[in-house]
$ cat run.txt   # compact mmCIF, C-alpha atoms
# COMPACT_ATOMS: atom_id res chain seq x y z
CA MET I 3 -27.60 -43.28 39.93
CA ILE I 4 -26.96 -40.52 37.43
CA LYS I 5 -26.06 -37.35 39.32
CA TYR I 6 -25.30 -34.80 36.63
CA HIS I 7 -28.14 -34.06 34.21
CA PRO I 8 -28.70 -31.35 31.67
CA SER I 9 -30.69 -28.52 33.25
CA GLU I 10 -34.42 -28.21 32.74
CA TRP I 11 -33.65 -25.32 30.45
CA ASP I 12 -31.13 -27.36 28.44
CA ILE I 13 -33.74 -30.03 27.82
CA GLU I 14 -36.38 -27.51 26.86
CA ASP I 15 -33.96 -25.85 24.46
CA PHE I 16 -32.82 -29.16 23.03
CA VAL I 17 -36.39 -30.20 22.33
CA ALA I 18 -37.10 -26.85 20.72
CA GLY I 19 -34.14 -27.48 18.42
CA ASN I 20 -32.27 -24.40 19.61
CA VAL I 21 -29.09 -26.10 20.77
CA SER I 22 -25.93 -26.50 18.70
CA PRO I 23 -25.57 -29.85 16.92
CA ALA I 24 -22.64 -30.92 19.13
CA LYS I 25 -24.43 -30.17 22.37
CA SER I 26 -27.60 -31.73 21.00
CA LEU I 27 -25.67 -34.91 20.31
CA ILE I 28 -24.43 -35.19 23.90
CA THR I 29 -27.89 -34.33 25.24
CA ALA I 30 -29.58 -36.92 23.04
CA ALA I 31 -27.05 -39.55 24.13
CA HIS I 32 -27.63 -38.69 27.78
CA ILE I 33 -31.37 -39.04 27.25
CA ASP I 34 -30.75 -42.51 25.81
CA MET I 35 -29.09 -43.44 29.10
CA CYS I 36 -31.31 -41.59 31.55
CA SER I 37 -34.95 -42.55 31.92
CA CYS I 38 -35.75 -39.49 34.00
CA CYS I 39 -34.45 -37.11 31.34
CA ALA I 40 -36.24 -39.17 28.70
CA ILE I 41 -39.46 -38.38 30.53
CA ARG I 42 -38.48 -34.73 30.88
CA ALA I 43 -37.82 -34.58 27.15
CA GLU I 44 -41.09 -36.30 26.41
CA ASN I 45 -42.91 -33.78 28.56
CA ALA I 46 -41.12 -30.94 26.87
CA HIS I 47 -42.21 -32.28 23.48
CA PHE I 48 -45.72 -32.51 24.76
CA ARG I 49 -45.71 -28.97 26.15
CA GLN I 50 -44.14 -27.45 23.08
CA ALA I 51 -46.57 -29.26 20.82
CA LYS I 52 -49.35 -27.79 22.95
CA THR I 53 -48.10 -24.31 22.20
CA LEU I 54 -48.16 -25.20 18.54
CA GLU I 55 -51.77 -26.24 18.95
CA SER I 56 -52.66 -23.00 20.65
CA GLU I 57 -50.96 -20.77 18.09
CA LYS I 58 -53.22 -17.94 17.15
CA CYS I 59 -54.17 -18.41 13.58
CA GLN I 60 -56.25 -17.04 10.87
CA ASN I 61 -58.29 -19.73 9.29
CA ALA I 62 -56.50 -19.52 6.03
CA PHE I 63 -53.55 -17.84 4.44
CA ASP I 64 -52.64 -16.92 0.92
CA GLY I 65 -51.55 -19.85 -1.14
CA MET I 66 -52.84 -22.36 1.36
CA HIS I 67 -55.04 -24.16 -1.06
CA SER I 68 -52.43 -24.41 -3.78
CA MET I 69 -49.91 -25.64 -1.24
CA MET I 70 -52.21 -28.44 -0.21
CA GLN I 71 -52.91 -29.26 -3.82
CA ALA I 72 -49.22 -29.48 -4.60
CA ILE I 73 -48.63 -31.74 -1.64
CA THR I 74 -51.38 -34.22 -2.40
CA ASP I 75 -50.42 -34.27 -6.06
CA ASN I 76 -47.03 -35.37 -4.80
CA ASN I 77 -45.31 -32.51 -6.52
CA ILE I 78 -43.20 -31.90 -3.51
CA SER I 79 -40.40 -34.14 -2.58
CA THR I 80 -40.01 -34.77 1.11
CA THR I 81 -36.48 -35.90 0.65
CA LYS I 82 -34.75 -33.74 3.11
CA THR I 83 -31.29 -32.42 2.53
CA GLU I 84 -29.80 -35.25 4.47
CA THR I 85 -31.57 -38.42 5.27
CA SER I 86 -28.93 -39.82 7.50
CA ALA I 87 -31.59 -41.47 9.58
CA CYS I 88 -31.12 -44.58 7.63
CA ARG I 89 -27.39 -44.28 7.46
CA ASN I 90 -27.08 -44.37 11.19
CA THR I 91 -29.23 -47.38 11.74
CA PRO I 92 -27.34 -50.10 9.99
CA ASP I 93 -29.32 -52.57 12.09
CA ASN I 94 -31.77 -53.28 9.40
CA ILE I 95 -29.52 -54.55 6.70
CA ASN I 96 -27.00 -56.02 9.07
CA GLN I 97 -29.81 -58.06 10.38
CA MET I 98 -30.77 -59.16 6.94
CA SER I 99 -27.30 -60.07 5.83
CA SER I 100 -25.92 -61.75 8.88
CA ARG I 101 -28.76 -61.91 11.37
CA ARG I 102 -26.49 -60.25 13.81
CA LYS I 103 -28.12 -59.29 17.06
CA ILE I 104 -29.14 -55.66 16.82
CA ASP I 105 -27.44 -54.87 20.08
CA ASP I 106 -24.07 -55.71 18.61
CA SER I 107 -24.18 -52.52 16.61
CA ARG I 108 -24.06 -50.60 19.85
CA ILE I 109 -21.09 -52.38 21.33
CA LEU I 110 -17.71 -50.75 21.40
CA HIS I 111 -14.80 -53.16 21.67
CA LEU I 112 -11.52 -52.13 23.20
CA GLU I 113 -8.76 -54.40 24.43
CA GLY I 114 -11.09 -57.32 24.91
CA LYS I 115 -13.62 -55.22 26.81
CA ARG I 116 -17.13 -54.55 25.56
CA PHE I 117 -19.02 -51.35 26.22
CA ALA I 118 -22.65 -50.61 25.39
CA VAL I 119 -22.86 -47.21 23.75
CA PRO I 120 -26.09 -45.15 23.74
CA LYS I 121 -27.91 -45.52 20.45
CA THR I 122 -27.42 -41.90 19.36
CA LEU I 123 -23.67 -42.47 19.43
CA ALA I 124 -23.72 -45.93 17.89
CA ARG I 125 -22.83 -44.64 14.46
CA TYR I 126 -19.67 -43.08 15.83
CA ILE I 127 -18.32 -46.32 17.29
CA PRO I 128 -14.84 -46.62 15.84
CA GLN I 129 -14.51 -49.56 13.49
CA ASN I 130 -11.15 -50.91 12.40
CA VAL I 131 -9.29 -47.98 13.89
CA VAL I 132 -6.23 -48.12 16.04
CA TRP I 133 -6.69 -46.32 19.32
CA SER I 134 -3.81 -44.11 20.38
CA LYS I 135 -2.37 -44.82 23.78
CA TYR I 136 -0.89 -42.12 25.99
CA LEU I 137 0.58 -41.95 29.45
CA GLY I 138 0.40 -45.72 29.67
CA LYS I 139 -3.28 -45.82 30.55
CA LEU I 140 -5.16 -43.43 28.34
CA TRP I 141 -6.72 -44.67 25.13
CA GLN I 142 -8.27 -42.33 22.71
CA VAL I 143 -9.71 -42.24 19.25
CA PRO I 144 -10.84 -39.09 17.44
CA ILE I 145 -14.36 -39.07 16.01
CA LYS I 146 -15.44 -36.98 13.09
CA ILE I 147 -18.58 -35.07 13.82
CA GLY I 148 -17.72 -32.23 11.47
CA GLY I 149 -17.69 -28.55 12.21
CA ARG I 150 -15.21 -26.90 14.53
CA ASN I 151 -15.63 -29.51 17.20
CA LEU I 152 -13.21 -32.21 18.17
CA ALA I 153 -14.83 -35.35 19.48
CA TYR I 154 -13.24 -38.41 21.03
CA PHE I 155 -13.96 -41.63 22.72
CA ILE I 156 -11.50 -41.76 25.59
CA TYR I 157 -10.85 -44.72 27.84
CA LEU I 158 -8.85 -44.19 30.98
CA GLU I 159 -7.77 -47.46 32.50
CA GLY I 160 -8.22 -48.03 36.21
CA GLY I 161 -5.59 -46.15 38.23
CA GLY I 162 -4.93 -43.72 35.39
CA TYR I 163 -4.75 -39.93 35.32
CA VAL I 164 -4.67 -36.99 32.94
CA PRO I 165 -2.28 -34.13 33.84
CA GLU I 166 -3.85 -31.02 35.23
CA HIS I 167 -5.27 -28.83 32.51
CA THR I 168 -7.68 -26.02 31.95
CA HIS I 169 -9.96 -25.57 28.97
CA ALA I 170 -9.64 -23.03 26.23
CA GLY I 171 -13.16 -23.69 25.03
CA THR I 172 -16.04 -25.80 26.18
CA GLU I 173 -15.60 -29.46 26.88
CA MET I 174 -18.71 -31.60 27.12
CA ILE I 175 -18.34 -35.07 28.54
CA LEU I 176 -20.71 -38.00 28.75
CA VAL I 177 -19.61 -40.88 30.93
CA ILE I 178 -20.49 -44.04 29.05
CA ASP I 179 -19.04 -46.60 31.41
CA GLY I 180 -17.29 -46.61 34.77
CA GLN I 181 -16.41 -43.45 36.66
CA PHE I 182 -13.71 -40.85 37.15
CA SER I 183 -13.12 -38.01 39.57
CA ASP I 184 -11.18 -34.79 39.33
CA GLY I 185 -11.13 -33.09 42.71
CA ILE I 186 -14.25 -31.11 41.78
CA GLY I 187 -16.57 -34.05 41.62
CA SER I 188 -16.88 -37.66 40.70
CA TYR I 189 -18.71 -38.61 37.56
CA ARG I 190 -20.44 -41.84 36.83
CA GLN I 191 -22.09 -43.69 34.01
CA GLY I 192 -24.68 -41.45 32.35
CA ASP I 193 -23.42 -38.23 33.91
CA VAL I 194 -23.04 -35.32 31.57
CA VAL I 195 -20.73 -32.48 32.54
CA THR I 196 -19.42 -29.35 30.89
CA PHE I 197 -16.01 -27.87 31.62
CA ASP I 198 -14.77 -24.52 30.39
CA GLU I 199 -11.96 -22.08 31.00
CA LYS I 200 -13.08 -21.66 34.62
CA HIS I 201 -12.21 -25.26 35.41
CA THR I 202 -8.77 -26.62 36.06
CA HIS I 203 -8.72 -30.28 36.83
CA SER I 204 -6.85 -33.54 36.69
CA PRO I 205 -9.13 -36.51 36.08
CA VAL I 206 -8.23 -39.81 37.73
CA THR I 207 -9.75 -43.26 37.79
CA LYS I 208 -9.86 -45.67 40.70
CA VAL I 209 -7.56 -48.64 40.62
CA GLY I 210 -9.37 -51.52 39.01
CA GLU I 211 -12.13 -49.44 37.45
CA GLY I 212 -11.59 -47.85 34.07
CA CYS I 213 -13.81 -45.21 32.55
CA LEU I 214 -15.05 -44.72 29.00
CA ILE I 215 -16.23 -41.26 28.04
CA PHE I 216 -17.43 -39.49 24.93
CA ILE I 217 -16.17 -35.97 24.75
CA ILE I 218 -16.74 -32.99 22.49
CA ILE I 219 -14.33 -30.08 22.65
CA ASP I 220 -14.86 -26.92 20.69
CA GLU I 221 -11.34 -25.67 21.35
CA PRO I 222 -8.29 -27.69 22.34
CA LEU I 223 -7.33 -28.18 25.96
CA SER I 224 -4.57 -26.05 27.31
CA PHE I 225 -2.25 -27.50 29.89
CA THR I 226 -1.63 -25.30 32.88
CA ASN I 227 1.75 -26.79 33.50
CA SER I 228 4.15 -25.68 30.81
CA TRP I 229 6.35 -28.65 31.62
CA ALA I 230 3.44 -30.92 30.79
CA ARG I 231 2.82 -29.01 27.62
CA VAL I 232 6.31 -29.71 26.40
CA ILE I 233 6.59 -33.35 27.20
CA ASN I 234 3.02 -34.48 27.29
CA PRO I 235 2.07 -36.37 24.18
CA LEU I 236 -1.57 -35.68 24.85
CA SER I 237 -1.10 -31.95 24.60
CA GLN I 238 0.84 -32.49 21.42
CA LEU I 239 -2.00 -34.42 20.02
CA TYR I 240 -4.58 -31.79 20.82
CA PHE I 241 -2.38 -29.10 19.39
CA ASN I 242 -1.65 -31.05 16.27
CA LEU I 243 -5.28 -31.70 15.72
CA HIS I 244 -6.10 -28.12 16.35
CA THR I 245 -3.62 -26.74 13.86
CA SER I 246 -4.44 -29.27 11.21
CA LYS I 247 -8.12 -28.52 11.35
CA ARG I 248 -9.69 -27.36 8.16
CA MET U 27 -47.91 -52.49 44.68
CA LEU U 28 -46.79 -48.95 44.28
CA ILE U 29 -43.79 -49.65 42.13
CA GLY U 30 -43.77 -47.69 38.94
CA ILE U 31 -46.66 -45.46 39.81
CA PRO U 32 -44.68 -42.26 40.32
CA LEU U 33 -43.20 -42.61 36.86
CA GLU U 34 -46.58 -43.24 35.31
CA ASN U 35 -47.92 -40.10 36.87
CA GLN U 36 -44.95 -38.14 35.69
CA LYS U 37 -45.29 -39.34 32.20
CA ARG U 38 -47.64 -36.65 31.01
CA ASP U 39 -48.16 -33.20 32.34
CA ASP U 40 -51.81 -32.32 32.71
CA VAL U 41 -53.21 -34.46 29.94
CA LYS U 42 -56.54 -33.24 28.78
CA PRO U 43 -57.32 -35.53 25.93
CA LYS U 44 -58.73 -33.21 23.37
CA GLU U 45 -61.37 -34.50 21.08
CA CYS U 46 -59.30 -32.89 18.41
CA ALA U 47 -56.46 -35.34 19.01
CA ALA U 48 -58.71 -38.34 18.48
CA GLU U 49 -60.25 -36.76 15.45
CA MET U 50 -56.90 -35.86 13.89
CA SER U 51 -55.52 -39.33 14.67
CA ALA U 52 -58.40 -40.84 12.78
CA TYR U 53 -57.78 -38.59 9.80
CA LEU U 54 -54.08 -39.44 9.77
CA ASP U 55 -54.98 -43.10 9.85
CA THR U 56 -57.19 -42.68 6.80
CA VAL U 57 -54.48 -40.72 5.02
CA ALA U 58 -52.03 -43.54 5.73
CA LYS U 59 -54.32 -46.36 4.69
CA GLU U 60 -56.34 -44.87 1.88
CA ARG U 61 -54.33 -41.86 0.75
CA CYS U 62 -57.53 -39.97 1.43
CA LYS U 63 -57.19 -36.37 0.27
CA LEU U 64 -60.28 -35.28 2.11
CA SER U 65 -58.88 -36.45 5.43
CA PHE U 66 -55.60 -34.80 4.64
CA CYS U 67 -57.48 -31.60 3.91
CA LYS U 68 -58.89 -31.70 7.46
CA VAL U 69 -55.45 -32.20 8.97
CA PHE U 70 -53.97 -29.57 6.72
CA SER U 71 -56.64 -26.98 7.45
CA TYR U 72 -56.14 -27.42 11.16
CA PHE U 73 -52.36 -27.53 11.30
CA ALA U 74 -51.07 -25.48 8.38
CA PRO U 75 -52.15 -22.05 9.74
CA ARG U 76 -50.82 -22.96 13.19
CA LEU U 77 -47.56 -24.16 11.72
CA ARG U 78 -47.31 -20.97 9.75
CA SER U 79 -47.73 -18.89 12.84
CA TYR U 80 -45.12 -21.02 14.68
CA ALA U 81 -42.79 -20.84 11.69
CA LEU U 82 -43.06 -17.08 11.34
CA LYS U 83 -41.96 -16.69 14.94
CA GLN U 84 -39.17 -19.20 14.57
CA MET U 85 -37.79 -18.18 11.21
CA GLY U 86 -38.73 -14.52 11.17
CA ASN U 87 -39.09 -14.63 7.43
CA GLU U 88 -42.17 -15.31 5.38
CA ALA U 89 -40.49 -17.33 2.63
CA LEU U 90 -38.64 -19.60 5.06
CA ALA U 91 -41.75 -19.96 7.15
CA MET U 92 -43.75 -21.11 4.15
CA GLU U 93 -41.02 -23.54 3.21
CA LEU U 94 -41.17 -24.97 6.70
CA VAL U 95 -44.94 -25.33 6.58
CA GLN U 96 -44.83 -26.95 3.17
CA ASP U 97 -42.05 -29.40 4.04
CA THR U 98 -43.73 -30.35 7.28
CA MET U 99 -47.12 -30.96 5.71
CA SER U 100 -45.60 -32.88 2.79
CA ASN U 101 -44.00 -35.21 5.29
CA VAL U 102 -47.31 -35.60 7.04
CA TRP U 103 -48.93 -36.55 3.74
CA GLN U 104 -46.23 -38.96 2.67
CA LYS U 105 -45.30 -40.48 6.00
CA ALA U 106 -48.66 -40.65 7.72
CA HIS U 107 -48.08 -44.39 8.15
CA LEU U 108 -45.30 -43.58 10.62
CA PHE U 109 -47.67 -41.82 12.97
CA ASN U 110 -48.41 -43.94 15.99
CA ALA U 111 -51.26 -42.72 18.17
CA GLU U 112 -49.97 -44.82 21.06
CA LYS U 113 -46.77 -42.83 21.18
CA GLY U 114 -48.25 -39.37 21.16
CA SER U 115 -50.82 -36.99 19.81
CA PRO U 116 -50.91 -35.79 16.21
CA SER U 117 -49.80 -32.35 17.32
CA THR U 118 -46.75 -33.78 19.08
CA TRP U 119 -45.85 -35.77 15.98
CA ILE U 120 -46.30 -32.82 13.66
CA PHE U 121 -44.42 -30.55 16.01
CA THR U 122 -41.43 -32.92 16.02
CA ILE U 123 -41.43 -33.06 12.22
CA ALA U 124 -41.51 -29.26 11.99
CA ARG U 125 -38.81 -28.94 14.64
CA ASN U 126 -36.57 -31.43 12.78
CA ILE U 127 -36.97 -29.62 9.48
CA ARG U 128 -36.32 -26.30 11.13
CA PHE U 129 -33.19 -27.66 12.84
CA ASP U 130 -31.79 -28.77 9.49
CA MET U 131 -32.83 -25.56 7.77
CA LEU U 132 -31.03 -23.49 10.39
CA ARG U 133 -27.93 -25.64 10.17
CA LYS U 134 -27.89 -25.09 6.45
CA LEU U 135 -28.46 -21.36 6.76
CA GLN U 136 -25.71 -21.01 9.33
CA ASN U 137 -23.51 -23.09 7.11
CA ARG U 138 -22.66 -25.40 9.96
CA LYS U 139 -20.46 -28.26 9.01
CA GLU U 140 -21.47 -30.62 11.77
CA ASP U 141 -22.32 -34.00 10.48
CA VAL U 142 -25.23 -34.21 12.92
CA CYS U 143 -28.71 -33.88 11.54
CA SER U 144 -32.11 -33.92 13.09
CA ASP U 145 -32.81 -37.55 12.27
CA ASP U 146 -29.83 -38.58 14.36
CA LEU U 147 -31.17 -36.73 17.36
CA TRP U 148 -34.89 -37.31 16.99
CA PRO U 149 -35.48 -40.20 14.61
CA VAL U 150 -39.14 -39.43 14.13
CA LEU U 151 -39.31 -40.07 10.40
CA CYS U 152 -37.01 -43.03 10.21
CA GLU U 153 -38.78 -46.08 8.88
CA GLN U 154 -36.56 -48.42 10.81
CA THR U 155 -36.59 -46.91 14.24
CA ALA U 156 -40.14 -47.85 14.99
CA ASP U 157 -39.35 -50.92 17.05
CA THR U 158 -35.86 -52.08 16.58
CA THR U 159 -35.79 -54.36 19.57
CA SER U 160 -38.00 -57.11 18.26
CA ALA U 161 -38.81 -57.10 14.63
CA PRO U 162 -42.06 -58.99 14.15
CA LEU U 163 -41.99 -62.02 11.93
CA ASP U 164 -43.69 -60.41 8.94
CA GLU U 165 -41.13 -57.65 9.01
CA GLN U 166 -38.32 -60.17 8.99
CA ILE U 167 -39.74 -61.78 5.90
CA THR U 168 -39.77 -58.37 4.30
CA LEU U 169 -36.14 -57.92 5.23
CA GLU U 170 -35.30 -61.15 3.50
CA GLN U 171 -37.14 -59.97 0.43
CA VAL U 172 -35.23 -56.73 0.51
CA GLY U 173 -32.13 -58.89 0.39
CA GLN U 174 -33.25 -60.44 -2.90
CA PHE U 175 -34.26 -57.10 -4.38
CA PHE U 176 -30.98 -55.65 -3.26
CA GLU U 177 -29.25 -57.83 -5.82
CA ASN U 178 -31.31 -56.16 -8.54
CA LEU U 179 -30.02 -52.68 -7.83
CA PRO U 180 -27.71 -51.02 -10.35
CA VAL U 181 -24.07 -51.72 -9.52
CA LYS U 182 -23.25 -48.16 -8.46
CA GLN U 183 -26.20 -47.86 -6.14
CA LYS U 184 -25.48 -51.28 -4.70
CA ALA U 185 -21.91 -50.33 -3.90
CA VAL U 186 -22.99 -47.25 -2.00
CA VAL U 187 -25.75 -48.99 -0.06
CA GLU U 188 -23.46 -51.88 0.77
CA ALA U 189 -20.75 -49.59 2.11
CA ILE U 190 -23.18 -47.61 4.22
CA TYR U 191 -25.53 -50.24 5.53
CA ILE U 192 -23.42 -53.34 5.66
CA ASP U 193 -19.96 -51.97 6.34
CA GLY U 194 -21.45 -49.18 8.45
CA LYS U 195 -19.39 -46.44 6.82
CA SER U 196 -20.43 -42.82 6.87
CA GLN U 197 -21.54 -41.15 3.68
CA GLN U 198 -18.43 -39.00 3.75
CA GLU U 199 -16.17 -42.04 3.99
CA VAL U 200 -17.89 -43.64 1.04
CA ALA U 201 -17.51 -40.44 -0.97
CA ASP U 202 -13.79 -40.33 -0.16
CA GLU U 203 -13.25 -43.96 -1.02
CA LEU U 204 -15.11 -43.90 -4.29
CA HIS U 205 -13.77 -40.47 -5.21
CA ILE U 206 -17.24 -39.10 -5.83
CA PRO U 207 -18.91 -36.03 -4.32
CA LEU U 208 -20.87 -36.41 -1.11
CA GLY U 209 -23.99 -35.24 -2.92
CA THR U 210 -23.68 -38.14 -5.33
CA VAL U 211 -23.44 -40.61 -2.47
CA LYS U 212 -26.56 -39.11 -0.98
CA SER U 213 -28.53 -39.18 -4.18
CA ARG U 214 -27.44 -42.73 -4.99
CA THR U 215 -28.49 -43.84 -1.53
CA ARG U 216 -31.81 -42.12 -1.90
CA LEU U 217 -32.44 -43.56 -5.33
CA ALA U 218 -31.48 -47.02 -4.17
CA LEU U 219 -33.81 -46.87 -1.19
CA GLN U 220 -36.61 -45.52 -3.33
CA ARG U 221 -36.02 -48.32 -5.80
CA LEU U 222 -36.12 -50.95 -3.08
CA LYS U 223 -39.33 -49.43 -1.83
CA ASP U 224 -40.87 -49.53 -5.29
CA MET U 225 -39.80 -53.12 -5.81
CA LEU U 226 -41.41 -54.07 -2.52
CA LYS U 227 -44.61 -52.32 -3.52
CA GLU U 228 -44.72 -54.09 -6.85
CA HIS U 229 -44.16 -57.35 -5.08
CA ASP U 230 -47.17 -56.73 -2.87

$ encode --input "run.txt" --output "structure tokens"
Amino acid sequence: MIKYHPSEWDIEDFVAGNVSPAKSLITAAHIDMCSCCAIRAENAHFRQAKTLESEKCQNAFDGMHSMMQAITDNNISTTKTETSACRNTPDNINQMSSRRKIDDSRILHLEGKRFAVPKTLARYIPQNVVWSKYLGKLWQVPIKIGGRNLAYFIYLEGGGYVPEHTHAGTEMILVIDGQFSDGIGSYRQGDVVTFDEKHTHSPVTKVGEGCLIFIIIDEPLSFTNSWARVINPLSQLYFNLHTSKR
Amino acid sequence: MLIGIPLENQKRDDVKPKECAAEMSAYLDTVAKERCKLSFCKVFSYFAPRLRSYALKQMGNEALAMELVQDTMSNVWQKAHLFNAEKGSPSTWIFTIARNIRFDMLRKLQNRKEDVCSDDLWPVLCEQTADTTSAPLDEQITLEQVGQFFENLPVKQKAVVEAIYIDGKSQQEVADELHIPLGTVKSRTRLALQRLKDMLKEHD
């Protein structure tokens, strides 16, 4: 059972298109995994469309007729600035070239394990990349989503831990597979949680059960323990990434 | 058996099927099948003023609002075939198109560099997302035909399409690899897809 959902307000805002791209991405991926939020989002679409229908309106406005004319004469290109829609669904041509099962495009492979990734994130599945390994049990690969955000797929093997840290910015996590806990709560597949500077935690996984998460951080983590900061390769990595950002 | 009933009930808040929805669905259908300008005129006359009023509130600027109305209605005209009355009402469909365009417009205005665009989040205008789980047989045949036509694309376009759709690379990666601007990758992709579409049409 998914325990942590976006709030009603988050969903409403997401559907209205008022949420930042990074947060929208996590929300959309959660909706892929959560049938109850899918229904909430569908209802929100329905409600918001209703308000569109009930907009007060004059019957016509200046230039309305010429606008319609231009549209039906095909003088206006609908090519939007970015039509990535097709880019991120390689299913079609994959299918045609190799008849691969569509589902394969949503599988993330790591160390012989297979994880099904929600379809919104499928285009970020790392291909032919070497995952970095830290602390013996933590695997991570950075994902480019552009902007000021850092995004990663992180896999914490069963019985693993991340040193205690706080957060300089906002960290949004979606649990894709397995579960982890951090003294504040325990988070399972489909859960979406946000951590910020108010939270200090040390995530751990149970022995025998690893956990794959997708995480977006808008500022690097800061480690509360200065000792950890010095010797912890993970902190180094975050700092390196942070300073080398464009 | 009661299983599933609670979900069904939840599915729609207070549905009051408006006659308008049925009427607009029918018009959209005619637009899709016959490119009927008269039907489009009906849809346009109903939605354009409402969209304008929505857009004015959202964008707070007349010029941007008109751009939003125009882009939305152009998509309605050109992509009416993607409307599926079983999935929602015309107003829901048109709202999602307007919302997507607005999302991308705002991203551009705010100069946000995130490589996340509305189609990734709400793939409402994506030709392929319709039913990816089980492509019907006739669609598969079309896919095979696309394969043949694909060979006829100009070399440069083919390279870009291949890298994106077969190797699954991002547009930025392709741009980096081929040492060409991102905009060029985008336009080549668009041209290639348009060309494939045209070839399919001719074939019909």

$ closest_residue --input "run.txt" --among "U:Ser51, U:Thr215, U:Asn126, U:Gln183" --to "Asp146 (chain U)" --atoms "only C-alpha atoms"
U:Asn126

$ atom_distance --input "run.txt" --atom1 "CA of Arg61 (chain U)" --atom2 "CA of Ser213 (chain U)"
26.4 Å

$ residues_around --input "run.txt" --residues "Asp184 (chain I)" --least-positions-apart "2" --cutoff "9 Å" --atoms "only C-alpha atoms" --output "list in words"
Phe182, Ile186, Gly187, Ser188, Tyr189, His203, Ser204, Pro205, Val206 and Thr207 of chain I

$ atom_distance --input "run.txt" --atom1 "CA of Phe176 (chain U)" --atom2 "CA of Leu222 (chain U)"
7.0 Å

$ closest_residue --input "run.txt" --among "U:Ile206, U:Met85, U:Ile127, U:Val142" --to "Lys25 (chain I)" --atoms "only C-alpha atoms"
U:Val142

$ build_atoms --input "run.txt" --residues "region 182-186 of chain I" --atoms "all heavy atoms" --output "compact mmCIF listing (two decimals), in the frame of the given file"
# COMPACT_ATOMS: atom_id res chain seq x y z
N PHE I 182 -14.97 -41.54 36.87
CA PHE I 182 -13.71 -40.85 37.15
C PHE I 182 -14.00 -39.68 38.08
O PHE I 182 -15.15 -39.27 38.26
CB PHE I 182 -13.03 -40.36 35.86
CG PHE I 182 -13.64 -39.14 35.23
CD1 PHE I 182 -13.14 -37.86 35.53
CD2 PHE I 182 -14.70 -39.24 34.35
CE1 PHE I 182 -13.70 -36.72 34.95
CE2 PHE I 182 -15.27 -38.10 33.77
CZ PHE I 182 -14.76 -36.84 34.06
N SER I 183 -12.93 -39.18 38.74
CA SER I 183 -13.12 -38.01 39.57
C SER I 183 -11.98 -37.04 39.29
O SER I 183 -10.97 -37.41 38.70
CB SER I 183 -13.18 -38.40 41.05
OG SER I 183 -12.02 -39.12 41.38
N ASP I 184 -12.18 -35.79 39.71
CA ASP I 184 -11.18 -34.79 39.33
C ASP I 184 -10.96 -33.74 40.41
O ASP I 184 -10.49 -32.64 40.14
CB ASP I 184 -11.61 -34.09 38.03
CG ASP I 184 -12.88 -33.27 38.22
OD1 ASP I 184 -13.49 -33.35 39.30
OD2 ASP I 184 -13.25 -32.54 37.29
N GLY I 185 -11.30 -34.07 41.65
CA GLY I 185 -11.13 -33.09 42.71
C GLY I 185 -12.32 -32.15 42.82
O GLY I 185 -12.58 -31.58 43.87
N ILE I 186 -13.05 -31.97 41.73
CA ILE I 186 -14.25 -31.11 41.78
C ILE I 186 -15.45 -32.01 42.07
O ILE I 186 -16.31 -31.70 42.88
CB ILE I 186 -14.48 -30.38 40.43
CG1 ILE I 186 -13.25 -29.55 40.05
CG2 ILE I 186 -15.72 -29.48 40.53
CD1 ILE I 186 -13.30 -28.98 38.64
